[in-house]
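So this one's run-v6.cif, mmCIF, C-alpha atoms, pLDDT in the B column; chains and numbers go by the auth columns:
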data_input
loop_
_atom_site.group_PDB
_atom_site.id
_atom_site.type_symbol
_atom_site.label_atom_id
_atom_site.label_comp_id
_atom_site.label_asym_id
_atom_site.label_seq_id
_atom_site.Cartn_x
_atom_site.Cartn_y
_atom_site.Cartn_z
_atom_site.B_iso_or_equiv
_atom_site.auth_seq_id
_atom_site.auth_asym_id
ATOM 1 C CA HIS A 1 12.668 4.047 3.303 63.00 1 A
ATOM 2 C CA SER A 2 13.569 4.905 -0.287 68.00 2 A
ATOM 3 C CA SER A 3 14.052 7.867 -2.600 76.00 3 A
ATOM 4 C CA PHE A 4 13.187 8.382 -6.255 71.00 4 A
ATOM 5 C CA GLU A 5 16.290 9.215 -8.306 74.00 5 A
ATOM 6 C CA SER A 6 15.816 11.543 -11.283 76.00 6 A
ATOM 7 C CA CYS A 7 18.713 10.103 -13.273 78.00 7 A
ATOM 8 C CA CYS A 8 17.357 6.577 -13.650 78.00 8 A
ATOM 9 C CA VAL A 9 13.814 7.196 -12.302 79.00 9 A
ATOM 10 C CA THR A 10 14.390 4.296 -9.940 79.00 10 A
ATOM 11 C CA ARG A 11 13.384 4.073 -6.295 75.00 11 A
ATOM 12 C CA VAL A 12 16.611 3.485 -4.367 73.00 12 A
ATOM 13 C CA CYS A 13 16.725 2.183 -0.794 73.00 13 A
ATOM 14 C CA ASP A 14 17.961 4.921 1.577 71.00 14 A
ATOM 15 C CA GLY A 15 20.041 2.340 3.416 70.00 15 A
ATOM 16 C CA CYS A 16 21.727 1.269 0.163 69.00 16 A
ATOM 17 C CA ALA A 17 22.484 4.896 -0.687 66.00 17 A
ATOM 18 C CA LEU A 18 24.006 5.462 2.766 71.00 18 A
ATOM 19 C CA ALA A 19 26.077 2.279 2.481 72.00 19 A
ATOM 20 C CA ALA A 20 27.410 3.470 -0.895 68.00 20 A
ATOM 21 C CA GLN A 21 28.301 6.869 0.586 74.00 21 A
ATOM 22 C CA LYS A 22 30.225 5.157 3.380 76.00 22 A
ATOM 23 C CA ARG A 23 32.361 3.565 0.650 79.00 23 A
ATOM 24 C CA GLY A 24 33.010 6.984 -0.881 78.00 24 A
ATOM 25 C CA MET A 25 30.436 6.647 -3.686 73.00 25 A
ATOM 26 C CA PHE A 26 28.301 9.792 -3.845 72.00 26 A
ATOM 27 C CA ASP A 27 26.764 9.249 -7.277 76.00 27 A
ATOM 28 C CA CYS A 28 23.414 7.456 -7.722 75.00 28 A
ATOM 29 C CA ALA A 29 23.624 4.155 -5.845 71.00 29 A
ATOM 30 C CA PHE A 30 21.763 2.397 -8.670 72.00 30 A
ATOM 31 C CA CYS A 31 23.067 3.749 -12.000 75.00 31 A
ATOM 32 C CA ARG A 32 26.234 5.552 -10.791 78.00 32 A
ATOM 33 C CA THR A 33 25.231 8.781 -12.570 81.00 33 A
ATOM 34 C CA PRO A 34 26.418 11.993 -10.853 80.00 34 A
ATOM 35 C CA MET A 35 23.537 13.404 -8.826 79.00 35 A
ATOM 36 C CA PRO A 36 21.917 16.575 -10.231 81.00 36 A
ATOM 37 C CA ASN A 37 22.200 19.512 -7.837 84.00 37 A
ATOM 38 C CA ASN A 38 19.386 21.729 -9.118 91.00 38 A
ATOM 39 C CA ASP A 39 15.741 21.415 -10.190 92.00 39 A
ATOM 40 C CA ALA A 40 16.406 22.244 -13.850 94.00 40 A
ATOM 41 C CA ASP A 41 18.887 19.379 -14.231 92.00 41 A
ATOM 42 C CA LYS A 42 16.584 16.968 -12.406 91.00 42 A
ATOM 43 C CA LEU A 43 13.692 17.929 -14.670 94.00 43 A
ATOM 44 C CA ALA A 44 15.836 17.562 -17.784 94.00 44 A
ATOM 45 C CA MET A 45 16.831 14.048 -16.739 92.00 45 A
ATOM 46 C CA ILE A 46 13.209 13.081 -16.127 94.00 46 A
ATOM 47 C CA ARG A 47 12.043 14.521 -19.464 95.00 47 A
ATOM 48 C CA ALA A 48 14.795 12.613 -21.270 94.00 48 A
ATOM 49 C CA ARG A 49 13.401 9.373 -19.848 94.00 49 A
ATOM 50 C CA VAL A 50 9.830 10.472 -20.628 96.00 50 A
ATOM 51 C CA LYS A 51 10.786 10.824 -24.309 96.00 51 A
ATOM 52 C CA LYS A 52 11.842 7.169 -24.215 95.00 52 A
ATOM 53 C CA LYS A 53 8.369 6.276 -22.890 96.00 53 A
ATOM 54 C CA ASP A 54 9.688 5.102 -19.534 95.00 54 A
ATOM 55 C CA PRO A 55 6.512 4.511 -17.438 96.00 55 A
ATOM 56 C CA GLN A 56 8.169 5.412 -14.150 94.00 56 A
ATOM 57 C CA ALA A 57 9.557 8.634 -15.601 95.00 57 A
ATOM 58 C CA ILE A 58 6.118 9.583 -16.927 97.00 58 A
ATOM 59 C CA TYR A 59 4.586 8.807 -13.532 97.00 59 A
ATOM 60 C CA PHE A 60 7.307 10.758 -11.730 95.00 60 A
ATOM 61 C CA LEU A 61 6.745 13.786 -13.988 97.00 61 A
ATOM 62 C CA GLY A 62 3.034 13.485 -13.193 97.00 62 A
ATOM 63 C CA GLN A 63 3.873 13.658 -9.502 96.00 63 A
ATOM 64 C CA LYS A 64 5.859 16.831 -10.069 96.00 64 A
ATOM 65 C CA TYR A 65 2.896 18.451 -11.837 97.00 65 A
ATOM 66 C CA PHE A 66 0.506 17.201 -9.144 97.00 66 A
ATOM 67 C CA PHE A 67 2.481 18.827 -6.320 96.00 67 A
ATOM 68 C CA GLY A 68 3.948 21.714 -8.334 97.00 68 A
ATOM 69 C CA SER A 69 7.596 20.876 -7.665 94.00 69 A
ATOM 70 C CA LEU A 70 10.892 21.124 -9.595 93.00 70 A
ATOM 71 C CA GLY A 71 9.793 24.575 -10.736 94.00 71 A
ATOM 72 C CA LEU A 72 6.633 23.315 -12.462 96.00 72 A
ATOM 73 C CA GLN A 73 3.284 25.027 -11.961 97.00 73 A
ATOM 74 C CA LYS A 74 0.816 22.814 -10.106 97.00 74 A
ATOM 75 C CA ASP A 75 -1.508 21.206 -12.654 97.00 75 A
ATOM 76 C CA MET A 76 -3.577 18.252 -11.449 97.00 76 A
ATOM 77 C CA ARG A 77 -5.238 17.680 -14.822 97.00 77 A
ATOM 78 C CA LYS A 78 -1.830 17.400 -16.485 98.00 78 A
ATOM 79 C CA ALA A 79 -0.783 15.041 -13.701 98.00 79 A
ATOM 80 C CA VAL A 80 -3.773 12.757 -14.344 98.00 80 A
ATOM 81 C CA GLU A 81 -2.976 12.724 -18.070 98.00 81 A
ATOM 82 C CA LEU A 82 0.556 11.584 -17.289 98.00 82 A
ATOM 83 C CA TYR A 83 -0.643 9.029 -14.722 98.00 83 A
ATOM 84 C CA THR A 84 -2.980 7.588 -17.352 98.00 84 A
ATOM 85 C CA LYS A 85 -0.179 7.270 -19.900 98.00 85 A
ATOM 86 C CA ALA A 86 2.161 5.728 -17.297 98.00 86 A
ATOM 87 C CA ALA A 87 -0.510 3.249 -16.187 98.00 87 A
ATOM 88 C CA GLU A 88 -1.078 2.179 -19.785 98.00 88 A
ATOM 89 C CA LEU A 89 2.656 1.460 -20.007 97.00 89 A
ATOM 90 C CA GLY A 90 2.619 -0.640 -16.830 97.00 90 A
ATOM 91 C CA SER A 91 3.245 1.668 -13.854 97.00 91 A
ATOM 92 C CA ILE A 92 1.582 0.275 -10.725 97.00 92 A
ATOM 93 C CA ASP A 93 2.211 3.526 -8.837 96.00 93 A
ATOM 94 C CA ALA A 94 0.314 5.371 -11.569 98.00 94 A
ATOM 95 C CA LEU A 95 -2.674 3.059 -11.130 98.00 95 A
ATOM 96 C CA PHE A 96 -2.721 3.916 -7.432 98.00 96 A
ATOM 97 C CA SER A 97 -2.398 7.654 -8.106 98.00 97 A
ATOM 98 C CA LEU A 98 -5.275 7.481 -10.604 98.00 98 A
ATOM 99 C CA GLY A 99 -7.378 5.770 -7.948 98.00 99 A
ATOM 100 C CA ASP A 100 -6.456 8.478 -5.468 98.00 100 A
ATOM 101 C CA ALA A 101 -7.252 11.237 -7.994 98.00 101 A
ATOM 102 C CA TYR A 102 -10.698 9.834 -8.804 98.00 102 A
ATOM 103 C CA PHE A 103 -11.454 9.139 -5.139 97.00 103 A
ATOM 104 C CA ASN A 104 -10.678 12.722 -4.110 97.00 104 A
ATOM 105 C CA GLY A 105 -11.688 14.511 -7.318 97.00 105 A
ATOM 106 C CA HIS A 106 -8.194 15.855 -7.966 97.00 106 A
ATOM 107 C CA GLY A 107 -7.891 16.902 -11.604 96.00 107 A
ATOM 108 C CA VAL A 108 -10.918 14.796 -12.556 97.00 108 A
ATOM 109 C CA GLN A 109 -14.591 14.434 -11.649 97.00 109 A
ATOM 110 C CA GLU A 110 -14.871 12.512 -8.378 97.00 110 A
ATOM 111 C CA ASP A 111 -15.806 8.918 -9.154 97.00 111 A
ATOM 112 C CA VAL A 112 -15.476 6.340 -6.368 95.00 112 A
ATOM 113 C CA THR A 113 -16.315 3.453 -8.711 96.00 113 A
ATOM 114 C CA LYS A 114 -13.441 4.359 -11.028 97.00 114 A
ATOM 115 C CA ALA A 115 -11.181 4.862 -8.015 98.00 115 A
ATOM 116 C CA THR A 116 -11.978 1.351 -6.782 97.00 116 A
ATOM 117 C CA THR A 117 -11.255 -0.070 -10.244 98.00 117 A
ATOM 118 C CA PHE A 118 -7.792 1.505 -10.276 98.00 118 A
ATOM 119 C CA PHE A 119 -7.074 0.485 -6.670 98.00 119 A
ATOM 120 C CA THR A 120 -8.087 -3.079 -7.538 98.00 120 A
ATOM 121 C CA LYS A 121 -5.758 -3.198 -10.551 98.00 121 A
ATOM 122 C CA ALA A 122 -2.869 -1.862 -8.456 98.00 122 A
ATOM 123 C CA ALA A 123 -3.616 -4.172 -5.516 98.00 123 A
ATOM 124 C CA MET A 124 -3.622 -7.220 -7.785 97.00 124 A
ATOM 125 C CA GLN A 125 -0.068 -6.271 -8.742 97.00 125 A
ATOM 126 C CA GLY A 126 1.098 -5.961 -5.143 96.00 126 A
ATOM 127 C CA HIS A 127 0.448 -2.307 -4.248 97.00 127 A
ATOM 128 C CA VAL A 128 0.057 -2.288 -0.470 97.00 128 A
ATOM 129 C CA VAL A 129 -1.819 1.006 0.047 97.00 129 A
ATOM 130 C CA SER A 130 -4.252 0.150 -2.739 98.00 130 A
ATOM 131 C CA ARG A 131 -5.047 -3.127 -0.975 98.00 131 A
ATOM 132 C CA TYR A 132 -5.520 -1.236 2.293 98.00 132 A
ATOM 133 C CA ASN A 133 -7.852 1.232 0.564 98.00 133 A
ATOM 134 C CA LEU A 134 -9.983 -1.611 -0.822 98.00 134 A
ATOM 135 C CA GLY A 135 -10.370 -2.883 2.727 97.00 135 A
ATOM 136 C CA CYS A 136 -11.473 0.568 3.892 96.00 136 A
ATOM 137 C CA ASP A 137 -13.994 0.754 1.048 96.00 137 A
ATOM 138 C CA GLU A 138 -15.503 -2.603 2.001 97.00 138 A
ATOM 139 C CA GLY A 139 -15.503 -1.640 5.674 95.00 139 A
ATOM 140 C CA GLN A 140 -17.437 1.547 4.958 94.00 140 A
ATOM 141 C CA LYS A 141 -20.008 -0.522 3.080 95.00 141 A
ATOM 142 C CA GLY A 142 -20.399 -2.785 6.114 94.00 142 A
ATOM 143 C CA ASN A 143 -18.719 -5.741 4.386 95.00 143 A
ATOM 144 C CA HIS A 144 -16.392 -6.466 7.298 94.00 144 A
ATOM 145 C CA GLY A 145 -15.499 -9.966 6.138 94.00 145 A
ATOM 146 C CA ARG A 146 -14.246 -8.643 2.802 96.00 146 A
ATOM 147 C CA ALA A 147 -12.501 -5.750 4.540 97.00 147 A
ATOM 148 C CA VAL A 148 -10.588 -8.133 6.787 96.00 148 A
ATOM 149 C CA ARG A 149 -9.511 -10.265 3.826 97.00 149 A
ATOM 150 C CA HIS A 150 -8.013 -7.198 2.151 98.00 150 A
ATOM 151 C CA TRP A 151 -6.352 -5.978 5.350 97.00 151 A
ATOM 152 C CA MET A 152 -4.922 -9.429 6.071 97.00 152 A
ATOM 153 C CA ILE A 153 -3.066 -9.248 2.763 97.00 153 A
ATOM 154 C CA SER A 154 -1.752 -5.710 3.290 97.00 154 A
ATOM 155 C CA ALA A 155 -0.842 -6.434 6.933 97.00 155 A
ATOM 156 C CA LYS A 156 1.331 -9.345 5.809 97.00 156 A
ATOM 157 C CA MET A 157 3.033 -6.937 3.405 96.00 157 A
ATOM 158 C CA GLY A 158 4.031 -4.683 6.301 95.00 158 A
ATOM 159 C CA ASP A 159 1.103 -2.270 6.614 96.00 159 A
ATOM 160 C CA LYS A 160 0.542 -1.372 10.281 96.00 160 A
ATOM 161 C CA ASP A 161 -2.752 0.478 9.737 97.00 161 A
ATOM 162 C CA SER A 162 -4.297 -2.724 8.377 97.00 162 A
ATOM 163 C CA VAL A 163 -3.396 -4.535 11.608 97.00 163 A
ATOM 164 C CA GLU A 164 -4.917 -1.746 13.693 96.00 164 A
ATOM 165 C CA ASN A 165 -8.155 -1.789 11.666 96.00 165 A
ATOM 166 C CA ILE A 166 -8.589 -5.530 12.166 96.00 166 A
ATOM 167 C CA LYS A 167 -7.898 -5.071 15.885 95.00 167 A
ATOM 168 C CA LYS A 168 -10.842 -2.652 16.162 93.00 168 A
ATOM 169 C CA LEU A 169 -13.349 -5.118 14.735 91.00 169 A
ATOM 170 C CA VAL A 170 -15.504 -7.118 17.128 79.00 170 A
ATOM 171 C CA GLY A 171 -15.079 -10.884 16.794 85.00 171 A
ATOM 172 C CA ALA A 172 -11.887 -10.710 14.734 88.00 172 A
ATOM 173 C CA LYS A 173 -9.398 -11.713 17.441 92.00 173 A
ATOM 174 C CA ASP A 174 -8.044 -14.720 15.516 94.00 174 A
ATOM 175 C CA GLN A 175 -7.656 -12.692 12.316 95.00 175 A
ATOM 176 C CA TYR A 176 -5.969 -9.929 14.313 95.00 176 A
ATOM 177 C CA MET A 177 -3.393 -12.328 15.776 96.00 177 A
ATOM 178 C CA GLU A 178 -2.680 -13.771 12.325 96.00 178 A
ATOM 179 C CA ALA A 179 -2.382 -10.297 10.815 96.00 179 A
ATOM 180 C CA LEU A 180 -0.081 -9.169 13.638 96.00 180 A
ATOM 181 C CA ARG A 181 2.237 -12.160 13.137 96.00 181 A
ATOM 182 C CA GLY A 182 2.293 -11.538 9.389 96.00 182 A
ATOM 183 C CA TYR A 183 3.040 -7.852 9.899 95.00 183 A
ATOM 184 C CA GLN A 184 5.851 -8.589 12.361 96.00 184 A
ATOM 185 C CA ASN A 185 7.386 -11.119 9.967 95.00 185 A
ATOM 186 C CA ALA A 186 7.267 -8.585 7.127 94.00 186 A
ATOM 187 C CA VAL A 187 8.909 -5.899 9.265 91.00 187 A
ATOM 188 C CA GLU A 188 11.606 -8.364 10.361 91.00 188 A
ATOM 189 C CA GLU A 189 12.369 -9.313 6.762 87.00 189 A
ATOM 190 C CA MET A 190 12.721 -5.657 5.782 79.00 190 A
ATOM 191 C CA LYS A 191 15.056 -4.763 8.667 75.00 191 A
ATOM 192 C CA SER A 192 18.355 -3.197 7.692 66.00 192 A
ATOM 193 C CA HIS A 193 20.980 -1.526 9.869 62.00 193 A
ATOM 194 C CA ASP A 194 21.901 0.900 7.064 55.00 194 A
ATOM 195 C CA ARG A 195 18.220 1.727 6.452 54.00 195 A
ATOM 196 C CA ASP A 196 17.646 2.427 10.157 56.00 196 A
ATOM 197 C CA GLU A 197 20.762 4.609 10.232 57.00 197 A
ATOM 198 C CA ALA A 198 19.613 6.506 7.126 49.00 198 A
ATOM 199 C CA LYS A 199 16.234 7.102 8.756 55.00 199 A
ATOM 200 C CA LYS A 200 17.975 8.477 11.861 58.00 200 A
ATOM 201 C CA VAL A 201 20.122 10.815 9.731 50.00 201 A
ATOM 202 C CA GLN A 202 17.035 12.126 7.892 53.00 202 A
ATOM 203 C CA ARG A 203 15.307 12.887 11.201 55.00 203 A
ATOM 204 C CA GLU A 204 18.329 14.895 12.338 53.00 204 A
ATOM 205 C CA ILE A 205 18.462 17.013 9.164 48.00 205 A
#
Render the structure in this file as structure tokens.
Amino acid sequence: HSSFESCCVTRVCDGCALAAQKRGMFDCAFCRTPMPNNDADKLAMIRARVKKKDPQAIYFLGQKYFFGSLGLQKDMRKAVELYTKAAELGSIDALFSLGDAYFNGHGVQEDVTKATTFFTKAAMQGHVVSRYNLGCDEGQKGNHGRAVRHWMISAKMGDKDSVENIKKLVGAKDQYMEALRGYQNAVEEMKSHDRDEAKKVQREI
């Protein structure tokens, strides 16, 4: 429900952006900078923030190398280097991406133990998917009690897959009902007419 803006390397709610456009404001909804209309300008903006050691900019540049976008050649090793630097400067998203890289062996030697360490650090700072992944790791080890505890947390943060995983477990009916209520409350709190409208517009594009 949000987009990463190159100008301020800030994740901006799609609903907020749509609401701003309705008021005739077509610049960045967060920093009011005119939106770049080509990859070169976007990349220049990101690199300018990277020079200032902005952790989100460094992480975002890492993402561009990881996927080979904005005209950059795909380079997973370079991406991991940037994720590492961003994580050291406080980026939670970078911690998650490092966990994902080590788990899948993207740009680094596969190392599930290291992946779990990074997921744990990110989860402790509120990263939902990292918390979900920790639950999956415990579930695969047969530690269903620990798995449920992780999924209960991520479900109450709005993660539907966590609810579904608890539902599949035998003897976890009470935990499932609690997780479902928590998930529904989270979804209700995040509801936004503008966000729903923005989602509809994106589907139609």
List, as a list in words, every residue that the PyMOL selection byres ((chain A and resi 177) around 12) selects in the file provided.
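Matching residues under the PyMOL selection byres ((chain A and resi 177) around 12) are Met152, Ala155, Lys156, Val163, Glu164, Ile166, Lys167, Gly171, Ala172, Lys173, Asp174, Gln175, Tyr176, Glu178, Ala179, Leu180, Arg181, Gly182, Tyr183 and Gln184 of chain A.
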Which residues, written as a ChimeraX atom specification, have at least one atom at most 9 Å from Asp137 of chain A, with only C-alpha atoms counted and residues fewer than 6 positions away on the same chain left out?
/A:116,143,147
Can you pull out the residues contacting Lys53 of chain A? Cut-off 12 Å, using all atoms listed in the file, and skip same-chain residues under 2 positions away; I want them as a list of chain:residue names.
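Residues near the query, excluding close chain neighbours: A:Val9, A:Ile46, A:Arg47, A:Ala48, A:Arg49, A:Val50, A:Lys51, A:Pro55, A:Gln56, A:Ala57, A:Ile58, A:Tyr59, A:Leu61, A:Leu82, A:Lys85, A:Ala86, A:Ala87, A:Glu88, A:Leu89, A:Gly90, A:Ser91.
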With C-alpha atoms retained, export the selected residues as a short mmCIF file (atom, residue, chain, number, x, y, z; two decimals), in the frame of the given file.
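The result, written out as result-v2.cif:
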data_model
loop_
_atom_site.label_atom_id
_atom_site.label_comp_id
_atom_site.auth_asym_id
_atom_site.auth_seq_id
_atom_site.Cartn_x
_atom_site.Cartn_y
_atom_site.Cartn_z
CA VAL A 9 13.81 7.20 -12.30
CA ILE A 46 13.21 13.08 -16.13
CA ARG A 47 12.04 14.52 -19.46
CA ALA A 48 14.80 12.61 -21.27
CA ARG A 49 13.40 9.37 -19.85
CA VAL A 50 9.83 10.47 -20.63
CA LYS A 51 10.79 10.82 -24.31
CA PRO A 55 6.51 4.51 -17.44
CA GLN A 56 8.17 5.41 -14.15
CA ALA A 57 9.56 8.63 -15.60
CA ILE A 58 6.12 9.58 -16.93
CA TYR A 59 4.59 8.81 -13.53
CA LEU A 61 6.74 13.79 -13.99
CA LEU A 82 0.56 11.58 -17.29
CA LYS A 85 -0.18 7.27 -19.90
CA ALA A 86 2.16 5.73 -17.30
CA ALA A 87 -0.51 3.25 -16.19
CA GLU A 88 -1.08 2.18 -19.78
CA LEU A 89 2.66 1.46 -20.01
CA GLY A 90 2.62 -0.64 -16.83
CA SER A 91 3.24 1.67 -13.85
#
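Picture a line from atom CA of Ser154 of chain A to atom CA of Phe119 of chain A; it runs 12.9 Å.
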Would you mind reading off the distance between atom CA of Val128 of chain A and atom CA of Glu189 of chain A, one decimal, in Å?
15.9 Å
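Every protein, DNA or RNA residue with an atom at most 8 Å from segment 20-29 of chain A, where only C-alpha atoms count and chain neighbours fewer than 5 positions away do not, is listed here: A:Glu5, A:Cys7, A:Val12, A:Pro34, A:Met35.
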Taking the file above as input, evaluate the PyMOL selection byres ((chain A and resi 122-127) around 8) and report the hits as a short mmCIF file (atom, residue, chain, number, x, y, z; two decimals) with C-alpha atoms, in the frame of the given file.
data_model
loop_
_atom_site.label_atom_id
_atom_site.label_comp_id
_atom_site.auth_asym_id
_atom_site.auth_seq_id
_atom_site.Cartn_x
_atom_site.Cartn_y
_atom_site.Cartn_z
CA ILE A 92 1.58 0.28 -10.72
CA ASP A 93 2.21 3.53 -8.84
CA LEU A 95 -2.67 3.06 -11.13
CA PHE A 96 -2.72 3.92 -7.43
CA PHE A 118 -7.79 1.50 -10.28
CA PHE A 119 -7.07 0.48 -6.67
CA THR A 120 -8.09 -3.08 -7.54
CA LYS A 121 -5.76 -3.20 -10.55
CA VAL A 128 0.06 -2.29 -0.47
CA VAL A 129 -1.82 1.01 0.05
CA SER A 130 -4.25 0.15 -2.74
CA ARG A 131 -5.05 -3.13 -0.98
#
Grab the atom CA of Cys13 of chain A to atom CA of Lys64 of chain A distance for me, in Å with one decimal place.
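A separation of 20.5 Å between them.
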If you count only C-alpha atoms, which residues fall within 9 Å of His150 of chain A, apart from same-chain ones fewer than 5 positions away, as number ranges by chain?
A: 131-136, 138, 145, 155, 162
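Applied to the file shown here, the PyMOL selection byres ((chain A and resi 115) around 7) selects A:Leu98, A:Gly99, A:Asp100, A:Tyr102, A:Phe103, A:Asp111, A:Val112, A:Thr113, A:Lys114, A:Thr116, A:Thr117, A:Phe118, A:Phe119.
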